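Here the structure comes first, spelled out in structure tokens, and everything after it is commentary.
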Amino acid sequence: MKDMLTVALPKGKLFDDAIELLQEAGLNTKGLSENSRKLVIHHEKDRVKYIICRPTDIPTFVEYGAADFGIVGKDTIVEQDKDIMELVDLRFGFCRFVVALPDLAAKGRDLTQFNYRRVATKFPKVAETFFAEKGMQVEIIKLHGNIELAPAVGLADMIVDIVSTGRTLKENNLTAVEEIFTATARLVANRVAYRLKHKRIQPLVERVRSLVKDKEVTY
Ligand SMILES: Nc1ncnc2c1ncn2[C@@H]1O[C@H](COP(=O)(O)OP(=O)(O)OP(=O)(O)O)[C@@H](O)[C@H]1O
Ligand SMILES: O=P(O)(O)OC[C@H]1O[C@H](OP(=O)(O)OP(=O)(O)O)[C@H](O)[C@@H]1O
């Protein structure tokens with residue numbers, strides 16, 4: 001159906017804020033709950049359908065047009081560099097991308113002294129670009145989570161990861177030594193859907209923009 005909207009929602013940290021925002025923007029968000037095992041929630045009458053995705057898969061669903069738009073972290077957008085439109089900075093889900101070293105190694109040492117070492121990360125492209133720009137050669141080890149574990153067991157000398165409260169770094173005896181960039185959640189859209197469903201999408205985008213414009217950035 002031409003003006004049915006399909007929205008890709010990330011389960012996990014961004015889920016609650018995403019739903020609250022869409023509800024404030026006037027969409028029917030009834031029946032959306034992270035505890036549910038239902039992955040497609042359809043509100044036929046309101047011409048909206050939600051699909052619940054892994055956060056890292058959102059750009060793929062949107063790029064292929066399986067969703068017209070979605071909500072995803074800027075960190076994921078930068079890492080994947082998919083062909084999607086980034087429409088609005090939603091100002092929640094704030095986090096920082098950092099390079100972190102074991103506390104002891106970080107004391108009085110410069111990152112450039114870690115040339116040719118191993119870096120564990122969930123974001124290999126971000127890490128590769130960062131170290132290349134610094135003129136450093138490192139071996140990047142891709143992991144899928146719990147990155148902070150890698151230096152503790154000798155898998156890597158340092159990590160590139162997301163920090164929000166800093167608690168995970170602290171509890172694993174790691175110190176952030178450089179910030180790469182900061183990220184927040186973004187509203188993204190499929191290029192074709194944005195044109196074909198413009199009448200439906202544009203007012204929604206405008207409502208979202210006005211809702212977030214004066215909001216403070218939150219974790
Ligand atoms: N403390 C944080 N840790 C991780 N991500 C955060 C944090 N704060 C905000 N975010 C944002 O939330 C997004 C989703 O994170 P979440 O931890 O829910 O999923 P994930 O485990 O990274 O995804 P996947 O299951 O697909 O690997 C991140 O991409 C980032 O933009
Ligand atoms: O600074 P903090 O508030 O402690 O948050 C940072 C942690 O959160 C993220 O992990 P997540 O919980 O997404 O798990 P993951 O390691 O499995 O990706 C990130 O990779 C850090 O490990």
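Residues in the structure tokens are numbered from 1 in each chain, the chains being A, B, ... in the order shown, and ligands are numbered from 1 in the order shown.
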Report as JSON lines the residues of region 48-89 of chain A within 12 Å of region 29-38 of chain A, each with its shortest atom pair and distance in Å (one decimal), using only C-alpha atoms, ordered by chain and increasing residue number.
{"residue": "A:Val48", "atom": "CA", "partner": "A:Thr29", "partner_atom": "CA", "distance": 9.1}
{"residue": "A:Lys49", "atom": "CA", "partner": "A:Thr29", "partner_atom": "CA", "distance": 9.5}
{"residue": "A:Tyr50", "atom": "CA", "partner": "A:Leu32", "partner_atom": "CA", "distance": 8.4}
{"residue": "A:Ile51", "atom": "CA", "partner": "A:Lys38", "partner_atom": "CA", "distance": 8.9}
{"residue": "A:Ile52", "atom": "CA", "partner": "A:Lys38", "partner_atom": "CA", "distance": 8.0}
{"residue": "A:Cys53", "atom": "CA", "partner": "A:Glu34", "partner_atom": "CA", "distance": 10.6}
{"residue": "A:Arg54", "atom": "CA", "partner": "A:Glu34", "partner_atom": "CA", "distance": 11.5}
Would you export the selected residues with C-alpha atoms as a PDB file, in the first residue's frame, please?
ATOM      1  CA  VAL A  48       1.741   2.149  10.144  1.00  0.00           C
ATOM      2  CA  LYS A  49       3.764  -0.992  10.646  1.00  0.00           C
ATOM      3  CA  TYR A  50       6.702  -1.452  13.002  1.00  0.00           C
ATOM      4  CA  ILE A  51       9.472  -3.960  12.657  1.00  0.00           C
ATOM      5  CA  ILE A  52      11.695  -4.690  15.642  1.00  0.00           C
ATOM      6  CA  CYS A  53      15.333  -5.096  14.613  1.00  0.00           C
ATOM      7  CA  ARG A  54      18.770  -5.604  16.102  1.00  0.00           C
TER       8      ARG A  54
END
Contacts of ligand 1, 7 Å or closer, only C-alpha atoms and all ligand atoms, given as a PDB file with N, CA and C atoms, in the first residue's frame:
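Once written, part28.pdb looks like this:
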ATOM      1  N   LYS A  11      15.693  -2.668  19.010  1.00  0.00           N
ATOM      2  CA  LYS A  11      15.508  -3.127  20.388  1.00  0.00           C
ATOM      3  C   LYS A  11      16.750  -2.716  21.178  1.00  0.00           C
ATOM      4  N   GLY A  12      16.683  -2.751  22.495  1.00  0.00           N
ATOM      5  CA  GLY A  12      17.865  -2.369  23.276  1.00  0.00           C
ATOM      6  C   GLY A  12      17.785  -0.961  23.811  1.00  0.00           C
ATOM      7  N   LYS A  13      18.938  -0.327  23.915  1.00  0.00           N
ATOM      8  CA  LYS A  13      19.038   0.950  24.622  1.00  0.00           C
ATOM      9  C   LYS A  13      18.189   2.080  24.046  1.00  0.00           C
ATOM     10  N   LEU A  14      17.983   2.064  22.730  1.00  0.00           N
ATOM     11  CA  LEU A  14      17.267   3.193  22.123  1.00  0.00           C
ATOM     12  C   LEU A  14      15.757   2.972  22.050  1.00  0.00           C
ATOM     13  N   ARG A  54      17.516  -5.799  15.387  1.00  0.00           N
ATOM     14  CA  ARG A  54      18.770  -5.604  16.102  1.00  0.00           C
ATOM     15  C   ARG A  54      19.284  -4.220  15.685  1.00  0.00           C
ATOM     16  N   PRO A  55      19.792  -3.423  16.635  1.00  0.00           N
ATOM     17  CA  PRO A  55      20.234  -2.065  16.277  1.00  0.00           C
ATOM     18  C   PRO A  55      21.198  -2.031  15.089  1.00  0.00           C
ATOM     19  N   THR A  56      22.121  -2.967  15.032  1.00  0.00           N
ATOM     20  CA  THR A  56      23.107  -2.937  13.935  1.00  0.00           C
ATOM     21  C   THR A  56      22.498  -3.312  12.581  1.00  0.00           C
ATOM     22  N   ASP A  57      21.294  -3.871  12.591  1.00  0.00           N
ATOM     23  CA  ASP A  57      20.666  -4.244  11.319  1.00  0.00           C
ATOM     24  C   ASP A  57      19.752  -3.158  10.756  1.00  0.00           C
ATOM     25  N   VAL A  72      18.383   4.865  14.567  1.00  0.00           N
ATOM     26  CA  VAL A  72      19.654   4.151  14.756  1.00  0.00           C
ATOM     27  C   VAL A  72      20.722   5.118  15.251  1.00  0.00           C
ATOM     28  N   GLY A  73      21.723   4.581  15.968  1.00  0.00           N
ATOM     29  CA  GLY A  73      22.798   5.424  16.491  1.00  0.00           C
ATOM     30  C   GLY A  73      23.733   5.904  15.390  1.00  0.00           C
ATOM     31  N   LYS A  74      24.243   7.116  15.570  1.00  0.00           N
ATOM     32  CA  LYS A  74      25.189   7.676  14.599  1.00  0.00           C
ATOM     33  C   LYS A  74      26.438   6.789  14.490  1.00  0.00           C
ATOM     34  N   ASP A  75      26.813   6.159  15.583  1.00  0.00           N
ATOM     35  CA  ASP A  75      27.977   5.255  15.568  1.00  0.00           C
ATOM     36  C   ASP A  75      27.783   4.145  14.528  1.00  0.00           C
ATOM     37  N   THR A  76      26.581   3.579  14.500  1.00  0.00           N
ATOM     38  CA  THR A  76      26.274   2.502  13.547  1.00  0.00           C
ATOM     39  C   THR A  76      26.242   3.039  12.115  1.00  0.00           C
ATOM     40  N   GLY A  93      20.338   8.901  23.378  1.00  0.00           N
ATOM     41  CA  GLY A  93      21.316   7.849  23.067  1.00  0.00           C
ATOM     42  C   GLY A  93      22.719   8.399  22.916  1.00  0.00           C
ATOM     43  N   PHE A  94      23.010   9.452  23.696  1.00  0.00           N
ATOM     44  CA  PHE A  94      24.341  10.064  23.587  1.00  0.00           C
ATOM     45  C   PHE A  94      25.429   9.100  24.061  1.00  0.00           C
ATOM     46  N   CYS A  95      26.472   8.999  23.299  1.00  0.00           N
ATOM     47  CA  CYS A  95      27.648   8.228  23.725  1.00  0.00           C
ATOM     48  C   CYS A  95      28.891   8.752  23.012  1.00  0.00           C
ATOM     49  N   HIS A 144      32.110  -8.921  18.832  1.00  0.00           N
ATOM     50  CA  HIS A 144      30.695  -8.551  18.718  1.00  0.00           C
ATOM     51  C   HIS A 144      30.112  -7.969  19.996  1.00  0.00           C
ATOM     52  N   ILE A 162      32.355   2.323  22.572  1.00  0.00           N
ATOM     53  CA  ILE A 162      31.418   3.347  22.998  1.00  0.00           C
ATOM     54  C   ILE A 162      31.470   3.501  24.513  1.00  0.00           C
ATOM     55  N   VAL A 163      31.487   4.738  24.955  1.00  0.00           N
ATOM     56  CA  VAL A 163      31.409   5.000  26.390  1.00  0.00           C
ATOM     57  C   VAL A 163      30.215   5.899  26.619  1.00  0.00           C
ATOM     58  N   SER A 164      29.460   5.554  27.659  1.00  0.00           N
ATOM     59  CA  SER A 164      28.368   6.452  27.983  1.00  0.00           C
ATOM     60  C   SER A 164      28.556   6.953  29.413  1.00  0.00           C
ATOM     61  N   THR A 165      28.313   6.131  30.419  1.00  0.00           N
ATOM     62  CA  THR A 165      28.556   6.616  31.792  1.00  0.00           C
ATOM     63  C   THR A 165      30.036   6.469  32.186  1.00  0.00           C
ATOM     64  N   ALA A 183      28.232  10.487  19.518  1.00  0.00           N
ATOM     65  CA  ALA A 183      27.104  10.016  18.705  1.00  0.00           C
ATOM     66  C   ALA A 183      25.786  10.142  19.470  1.00  0.00           C
ATOM     67  N   THR A 184      24.718  10.300  18.704  1.00  0.00           N
ATOM     68  CA  THR A 184      23.358  10.255  19.256  1.00  0.00           C
ATOM     69  C   THR A 184      22.492   9.481  18.262  1.00  0.00           C
ATOM     70  N   ALA A 185      21.255   9.195  18.653  1.00  0.00           N
ATOM     71  CA  ALA A 185      20.356   8.466  17.753  1.00  0.00           C
ATOM     72  C   ALA A 185      19.893   9.385  16.610  1.00  0.00           C
ATOM     73  N   TYR A 219      21.561  10.510  27.644  1.00  0.00           N
ATOM     74  CA  TYR A 219      22.156   9.184  27.440  1.00  0.00           C
ATOM     75  C   TYR A 219      21.137   8.231  26.898  1.00  0.00           C
TER      76      TYR A 219
END
Give me every helix (DSSP H, G or I) residue in region 67-127 of chain A, going by DSSP on the backbone, as an NGL selection string.
:A and (74-80 or 103-106 or 111-114 or 124-127)
Convert the current residue selection to file output with N, CA and C atoms, as a CSV table (one decimal), in the first residue's frame.
chain,number,residue,atom,x,y,z
A,74,LYS,N,24.2,7.1,15.6
A,74,LYS,CA,25.2,7.7,14.6
A,74,LYS,C,26.4,6.8,14.5
A,75,ASP,N,26.8,6.2,15.6
A,75,ASP,CA,28.0,5.3,15.6
A,75,ASP,C,27.8,4.1,14.5
A,76,THR,N,26.6,3.6,14.5
A,76,THR,CA,26.3,2.5,13.5
A,76,THR,C,26.2,3.0,12.1
A,77,ILE,N,25.7,4.2,12.0
A,77,ILE,CA,25.6,4.9,10.6
A,77,ILE,C,27.1,5.1,10.1
A,78,VAL,N,27.9,5.6,10.9
A,78,VAL,CA,29.3,5.9,10.5
A,78,VAL,C,30.0,4.6,10.2
A,79,GLU,N,29.9,3.6,11.0
A,79,GLU,CA,30.6,2.3,10.8
A,79,GLU,C,30.1,1.7,9.5
A,80,GLN,N,28.8,1.7,9.2
A,80,GLN,CA,28.3,0.9,8.1
A,80,GLN,C,28.3,1.7,6.8
A,103,ASP,N,44.6,0.8,32.5
A,103,ASP,CA,44.9,2.0,33.4
A,103,ASP,C,46.5,2.1,33.5
A,104,LEU,N,47.1,1.0,33.7
A,104,LEU,CA,48.6,1.1,33.9
A,104,LEU,C,49.3,1.6,32.7
A,105,ALA,N,48.9,1.0,31.5
A,105,ALA,CA,49.6,1.3,30.3
A,105,ALA,C,49.3,2.8,29.9
A,106,ALA,N,48.2,3.3,30.3
A,106,ALA,CA,47.8,4.7,29.9
A,106,ALA,C,48.6,5.7,30.7
A,111,LEU,N,49.4,7.7,22.9
A,111,LEU,CA,48.9,6.6,22.1
A,111,LEU,C,49.8,6.2,21.0
A,112,THR,N,50.6,7.1,20.5
A,112,THR,CA,51.5,6.8,19.4
A,112,THR,C,52.6,5.7,19.8
A,113,GLN,N,52.7,5.6,21.1
A,113,GLN,CA,53.7,4.5,21.5
A,113,GLN,C,53.1,3.1,21.4
A,114,PHE,N,51.8,3.1,20.9
A,114,PHE,CA,51.1,1.8,20.8
A,114,PHE,C,51.0,1.4,19.3
A,124,PRO,N,35.2,-1.9,13.4
A,124,PRO,CA,36.5,-1.9,12.7
A,124,PRO,C,36.8,-0.8,11.8
A,125,LYS,N,35.7,-0.3,11.1
A,125,LYS,CA,35.9,0.8,10.1
A,125,LYS,C,36.3,2.1,10.8
A,126,VAL,N,35.6,2.4,11.9
A,126,VAL,CA,35.8,3.6,12.7
A,126,VAL,C,37.3,3.5,13.2
A,127,ALA,N,37.6,2.4,13.7
A,127,ALA,CA,39.0,2.2,14.3
A,127,ALA,C,40.0,2.4,13.2
Minimum-distance residue to ligand 2, chosen among A:Glu128, A:Asp161, A:Asp16, A:Glu44 (using only C-alpha atoms and all ligand atoms):
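Once distances to ligand 2 are computed over only C-alpha atoms and all ligand atoms, the minimum belongs to A:Asp161.
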Go through A:Gly145, A:Pro10, A:Pro203, A:Gly154 one by one, measure the shortest atom-to-atom distance of each to ligand 2 using only C-alpha atoms and all ligand atoms, and give the residue with the smallest value.
A:Gly145
For ligand 2, which residue among A:Val212, A:Lys122, A:Val153, A:Arg207 is the nearest when counting only C-alpha atoms and all ligand atoms?
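Between A:Val212, A:Lys122, A:Val153, A:Arg207, the residue approaching ligand 2 most closely is A:Lys122.
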